[in-house]
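Since the structure comes first, as structure tokens, the remarks are kept for the end.
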Amino acid sequence: MGDTNGDGPAHNGGRSISLRRVSKVFLPAANARVKAIDDVSLLVPACQFVAIVGPSGCGKSTLLRLVDGLIMPDSGAVTIGNSGPAPGPGIGMMFQTVRLIPWRTVRDNVGFALEGGPLDRAERKARIETQLLQVGLGRWADHYPAQLSGGMQQRVALARALVGRPDVLLMDEPFASLDAQTRELMQEDLLALWSNHRPTVLFVTHSVDEALLLADRVIVMGRGKVLEDFLVHLPRPRTTADARQARTYGQLRDRLWSRIRALVLADPESAFFGRGGAQEPKRPQ
Amino acid sequence: MDRAYGNRRTSPLTVAMARLGLLVLLLALWWLASEHVSRNLIPSPPETANAALRLWLEGKLPGAIGTSLITYLGGFALATVAAVPLGIVMGAFGLLGRTLEVYVYALAATPRVAFIPLIIVVLGLGIEAKLFVVFLGAVMPIVINTYAGVRQADADLVEMARSVGARRARIFRAIVLPGAVPYILTGLRIGATIGLINTVVAELYTAVTGLGGLLALYGNTFRMAEYFVIVLTLAAIGVVVTEALRLLERRLTHWTKPTH
Ligand SMILES: Nc1ncnc2c1ncn2[C@@H]1O[C@H](COP(=O)(O)OP(=O)(O)OP(=O)(O)O)[C@@H](O)[C@H]1O
Ligand SMILES: [Mg+2]
């Protein structure tokens, strides 16, 4: 992973991600078993942008943790490139919450991802400043997280995930809490960044539109399984406006949305369980 | 912390004025009480001020303050030096912490006066015994709070640190310890309060010296004006020390402030 942390070329490209028959069980309480990830196999080629959608509690965050190497599968294997997953700056992770260190300035929060790495002090400093400018936080480098708006905090978290020049980028509903305008701008920035550096991206979202705007491929998860997996054939570069005008967009959106709707309605723990004649979402392969 | 409820922040000036106002009110009540309760029990404010001036010029008050401060600050410093590292180590090494914590809690719950006869037998009546009594009072709250602070490290931040590749030592240094600072400071504040109480206790129960000694002397001989001077002096020491610690806390946790 050392080279990904060095000053490589702008197009450093991604690494592939592969899950082979991965399962992860949690035991949240005595005699309770949650199959958070249930025998999932998935192959993501290098540089692909994958959106993951699915109802709450279906295992999306757990999947990202497995890929980041923060937790180990109970069975099966996760492979990144040609090695096992190892947390570090080579895999950029944006958690579902911003997780900024409150007693560190914006600059030092971003720099945290480089500490203990191979860069010397001057290189590190230059890299941090560049990254802060890229996410538009140059003026805020000396502020503390509590002094920033929610959207700015998200940008800090994004900068921290990117500063190590990761070739795998894992994003867990990164823009969910943003207002509509900020979200669109952040989406544009992310796309620009992705087309420059071409990392492999797993992007969790609840928004069908966001998935279709950003991704090459959308995966629908439900109860720890991958239920649907399809490619998004929309021309790039995409913007929100012209993506929505494409004819295929409407078809894809309908298909995706009806699938998710069925999943939610079939989930006995959902508040909408059983409404509107939902069928059991059985679909092995 | 100031904005725990709602976001109206009172200015420091307003707070200072309110405190001053309350002080004036209390002085007035005190004066009123001294006029109406039998004069031997409650001295009037001027009487007390006179007594303070006299004690100060005679050198009794400065001497007693010096003696008590040595006991107090010495014992408190020893407690801090021992308790903060102990709490950190207990928090860092789970088994050690879980092993020691019951004993720490048991000791913290035992009234410390219970140990005084034992302390006198072992350490005598001199400064060692006094320092130890103060130490004993201050040490437990500092250990307990430091331990709690280390144990309650933010799990989300720890996971974030793991995801950027940090190992145990760096996580401890960068996330866990700084996160424990507010807890440690709370422990120090409680320890400082109990330490002051124990200073007086030590001076009453071992060789009678310092402010505690004067307290006993004037209390037993019903010299109420002098007695009041000593009580107020002790209160002032308590205020100065805890305010100093509060200031330190502000300094170290300035990052919680939402404005620039
Ligand atoms: N550390 C854990 N201990 C116990 N149970 C867990 C743990 N992490 C996740 N789970 C359980 O595993 C299941 C999947 O959780 P996960 O967080 O992956 O869902 P999610 O798809 O990210 O949901 P959301 O959209 O609400 O974020 C849930 O039932 C959750 O309660
Ligand atoms: Mg989640």
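By convention in this document, the chains of the structure tokens carry letters A, B, ... by their order, each chain's residues are numbered from 1, and ligands are numbered from 1 in the order they are shown.
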
Could you list, as a VMD selection string, every residue of chain A that has an atom within 9 Å of an atom of chain B, counting only C-alpha atoms? chain A and resid 65 68 to 70 86 to 95 97 99 to 105 112 to 117 143 to 148 160 to 161 164

Could you please take those selected residues and save C-alpha atoms as a compact mmCIF listing (two decimals), in the first residue's frame?
```
# COMPACT_ATOMS: atom_id res chain seq x y z
CA ARG A 65 -16.59 -2.40 7.30
CA ASP A 68 -12.19 -1.75 4.93
CA GLY A 69 -10.88 -4.61 7.09
CA LEU A 70 -12.39 -3.14 10.28
CA ALA A 86 -6.06 -3.80 5.59
CA PRO A 87 -7.26 -0.49 6.99
CA GLY A 88 -5.05 2.44 6.06
CA PRO A 89 -4.91 5.51 3.86
CA GLY A 90 -5.04 3.32 0.73
CA ILE A 91 -8.72 2.68 1.48
CA GLY A 92 -10.60 5.90 2.08
CA MET A 93 -13.61 5.51 4.35
CA MET A 94 -16.39 8.02 4.92
CA PHE A 95 -18.53 6.74 7.75
CA THR A 97 -21.45 10.02 10.69
CA ARG A 99 -16.45 11.29 13.04
CA LEU A 100 -14.23 14.33 13.28
CA ILE A 101 -11.87 14.70 16.21
CA PRO A 102 -13.40 17.64 18.07
CA TRP A 103 -10.18 18.93 19.65
CA ARG A 104 -8.31 19.03 16.37
CA THR A 105 -8.53 21.75 13.77
CA PHE A 112 -4.71 12.49 10.89
CA ALA A 113 -5.06 10.11 7.93
CA LEU A 114 -1.42 10.70 6.96
CA GLU A 115 0.19 10.44 10.39
CA GLY A 116 2.43 7.44 10.73
CA GLY A 117 2.66 7.21 6.94
CA HIS A 143 -11.22 26.13 12.69
CA TYR A 144 -12.53 23.41 14.95
CA PRO A 145 -15.31 21.05 13.83
CA ALA A 146 -17.80 22.59 16.27
CA GLN A 147 -17.39 25.88 14.41
CA LEU A 148 -18.43 24.42 11.04
CA ARG A 160 -9.71 13.01 5.27
CA ALA A 161 -10.86 10.04 3.21
CA GLY A 164 -4.18 9.43 1.38
```

All residues having an atom within 9 Å of ligand 2 (only C-alpha atoms and all ligand atoms) as a ChimeraX atom specification: /A:56-62,64,95-96,172-173,204

Report as a VMD selection string: the residues of stretch 94-274 of chain A with a DSSP assignment of alpha helix (DSSP H), based on the backbone of this structure. chain A and resid 106 to 111 121 to 134 150 to 162 180 to 197 208 to 214 240 to 245 247 to 266

At a cut-off of 9 Å, using only C-alpha atoms, what residues contact stretch 204-215 of chain B? Leave out same-chain residues fewer than 2 positions from it and give the result as a ChimeraX atom specification. /B:60-61,63-69,116-117,120,124-127,129-130,199-202,217-220,226-228,230-231,233-234

Please identify the strand (DSSP E) residues within stretch 63-255 of chain A (assignment by DSSP from backbone atoms) and present them as number ranges by chain. A: 75-80, 91-94, 168-172, 200-204, 217-222, 225-231

Write out, as a tab-separated table, each residue of chain A that has an atom at most 12 Å from ligand 1, together with the closest pair of atoms and their distance in Å to one decimal, counting only C-alpha atoms and all ligand atoms, rows going by chain and rising number.
```
residue	atom	partner	partner_atom_place_in_ligand_line	distance
A:Ser23	CA	ligand 1	12 (O)	11.4
A:Lys24	CA	ligand 1	12 (O)	8.6
A:Val25	CA	ligand 1	12 (O)	7.6
A:Phe26	CA	ligand 1	4 (C)	4.7
A:Leu27	CA	ligand 1	4 (C)	5.7
A:Pro28	CA	ligand 1	4 (C)	4.2
A:Ala29	CA	ligand 1	4 (C)	8.0
A:Ala30	CA	ligand 1	4 (C)	11.2
A:Ala32	CA	ligand 1	5 (N)	9.4
A:Arg33	CA	ligand 1	5 (N)	8.4
A:Val34	CA	ligand 1	12 (O)	5.9
A:Lys35	CA	ligand 1	12 (O)	6.8
A:Ala36	CA	ligand 1	12 (O)	4.3
A:Ile37	CA	ligand 1	14 (C)	7.5
A:Asp38	CA	ligand 1	14 (C)	10.5
A:Ile52	CA	ligand 1	21 (O)	9.3
A:Val53	CA	ligand 1	21 (O)	8.3
A:Gly54	CA	ligand 1	21 (O)	6.7
A:Pro55	CA	ligand 1	25 (O)	6.0
A:Ser56	CA	ligand 1	25 (O)	3.5
A:Gly57	CA	ligand 1	19 (O)	3.4
A:Cys58	CA	ligand 1	21 (O)	4.0
A:Gly59	CA	ligand 1	18 (O)	3.1
A:Lys60	CA	ligand 1	21 (O)	3.7
A:Ser61	CA	ligand 1	22 (O)	3.6
A:Thr62	CA	ligand 1	18 (O)	3.7
A:Leu63	CA	ligand 1	18 (O)	6.4
A:Leu64	CA	ligand 1	18 (O)	8.1
A:Arg65	CA	ligand 1	18 (O)	8.4
A:Leu66	CA	ligand 1	18 (O)	9.9
A:Leu70	CA	ligand 1	1 (N)	10.9
A:Ile71	CA	ligand 1	1 (N)	9.2
A:Met72	CA	ligand 1	1 (N)	11.8
A:Phe95	CA	ligand 1	27 (O)	9.9
A:Gln96	CA	ligand 1	27 (O)	7.1
A:Thr97	CA	ligand 1	27 (O)	10.0
A:Met171	CA	ligand 1	22 (O)	11.1
A:Asp172	CA	ligand 1	22 (O)	7.8
A:Glu173	CA	ligand 1	27 (O)	8.0
A:Pro174	CA	ligand 1	27 (O)	11.1
A:Ala176	CA	ligand 1	25 (O)	10.7
A:Phe203	CA	ligand 1	22 (O)	11.5
A:Val204	CA	ligand 1	22 (O)	8.2
A:Thr205	CA	ligand 1	25 (O)	8.1
A:His206	CA	ligand 1	25 (O)	7.4
A:Ser207	CA	ligand 1	25 (O)	11.2
A:Val220	CA	ligand 1	21 (O)	10.6
A:Met221	CA	ligand 1	21 (O)	8.1
A:Gly222	CA	ligand 1	21 (O)	8.2
A:Arg223	CA	ligand 1	14 (C)	7.8
A:Gly224	CA	ligand 1	14 (C)	7.1
A:Lys225	CA	ligand 1	21 (O)	10.6
A:Val226	CA	ligand 1	21 (O)	11.6
A:Val264	CA	ligand 1	25 (O)	11.9
A:Glu269	CA	ligand 1	29 (O)	10.4
A:Ser270	CA	ligand 1	26 (O)	11.8
```

Figure out the distance between atom CA of B:Val134 and atom CA of B:Thr71, please, to one decimal in Å. 7.4 Å

Compile the contact shell of B:Leu41 as a ChimeraX atom specification: residues with an atom at most 9 Å away, counting only C-alpha atoms, same-chain residues fewer than 5 positions apart removed. /B:34,222-225

Please produce a file of those selected residues containing N, CA and C atoms, as an mmCIF file, in the first residue's frame.
```
data_model
loop_
_atom_site.group_PDB
_atom_site.id
_atom_site.type_symbol
_atom_site.label_atom_id
_atom_site.label_comp_id
_atom_site.auth_asym_id
_atom_site.auth_seq_id
_atom_site.Cartn_x
_atom_site.Cartn_y
_atom_site.Cartn_z
ATOM 1 N N SER B 34 -26.638 39.441 62.403
ATOM 2 C CA SER B 34 -25.765 39.765 63.534
ATOM 3 C C SER B 34 -26.435 40.780 64.460
ATOM 4 N N PHE B 222 -15.061 30.527 71.820
ATOM 5 C CA PHE B 222 -16.160 31.420 71.414
ATOM 6 C C PHE B 222 -15.699 32.786 70.951
ATOM 7 N N ARG B 223 -14.544 32.848 70.293
ATOM 8 C CA ARG B 223 -14.138 34.130 69.691
ATOM 9 C C ARG B 223 -14.672 34.139 68.268
ATOM 10 N N MET B 224 -15.951 34.519 68.192
ATOM 11 C CA MET B 224 -16.677 34.274 66.948
ATOM 12 C C MET B 224 -16.173 35.116 65.783
ATOM 13 N N ALA B 225 -15.740 36.341 66.017
ATOM 14 C CA ALA B 225 -15.251 37.167 64.913
ATOM 15 C C ALA B 225 -14.041 36.501 64.270
#
```

For stretch 86-96 of chain B, work out the shell of residues within 6 Å, counting only C-alpha atoms and skipping chain neighbours fewer than 2 positions away, then give it as an mmCIF file with N, CA and C atoms, in the first residue's frame.
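Written output follows (part.cif):
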```
data_model
loop_
_atom_site.group_PDB
_atom_site.id
_atom_site.type_symbol
_atom_site.label_atom_id
_atom_site.label_comp_id
_atom_site.auth_asym_id
_atom_site.auth_seq_id
_atom_site.Cartn_x
_atom_site.Cartn_y
_atom_site.Cartn_z
ATOM 1 N N ALA B 83 -2.621 9.592 41.001
ATOM 2 C CA ALA B 83 -3.940 9.137 40.555
ATOM 3 C C ALA B 83 -4.111 9.191 39.043
ATOM 4 N N VAL B 84 -3.603 10.236 38.403
ATOM 5 C CA VAL B 84 -3.815 10.351 36.961
ATOM 6 C C VAL B 84 -3.151 9.179 36.215
ATOM 7 N N ARG B 98 -10.394 -3.749 35.599
ATOM 8 C CA ARG B 98 -11.513 -4.494 36.189
ATOM 9 C C ARG B 98 -11.133 -5.106 37.518
ATOM 10 N N THR B 99 -9.845 -5.457 37.676
ATOM 11 C CA THR B 99 -9.387 -6.042 38.937
ATOM 12 C C THR B 99 -9.375 -4.990 40.041
ATOM 13 N N VAL B 143 -8.658 9.236 40.518
ATOM 14 C CA VAL B 143 -8.500 7.920 39.881
ATOM 15 C C VAL B 143 -9.789 7.537 39.160
ATOM 16 N N THR B 146 -10.518 9.713 36.027
ATOM 17 C CA THR B 146 -9.566 9.454 34.952
ATOM 18 C C THR B 146 -9.874 8.109 34.300
ATOM 19 N N TYR B 147 -10.102 7.122 35.143
ATOM 20 C CA TYR B 147 -10.437 5.776 34.664
ATOM 21 C C TYR B 147 -11.690 5.815 33.790
ATOM 22 N N VAL B 150 -11.019 7.427 30.388
ATOM 23 C CA VAL B 150 -10.296 6.578 29.439
ATOM 24 C C VAL B 150 -11.220 5.471 28.918
ATOM 25 N N ARG B 151 -12.039 4.914 29.831
ATOM 26 C CA ARG B 151 -12.938 3.830 29.423
ATOM 27 C C ARG B 151 -13.999 4.313 28.454
#
```

Within 12 Å of A:Leu212 using only C-alpha atoms, minus same-chain residues under 3 positions, as a PyMOL selection string: chain A and resi 49-53+187+203+205-209+215-219+230-236+238-240+242-244+246+248-257
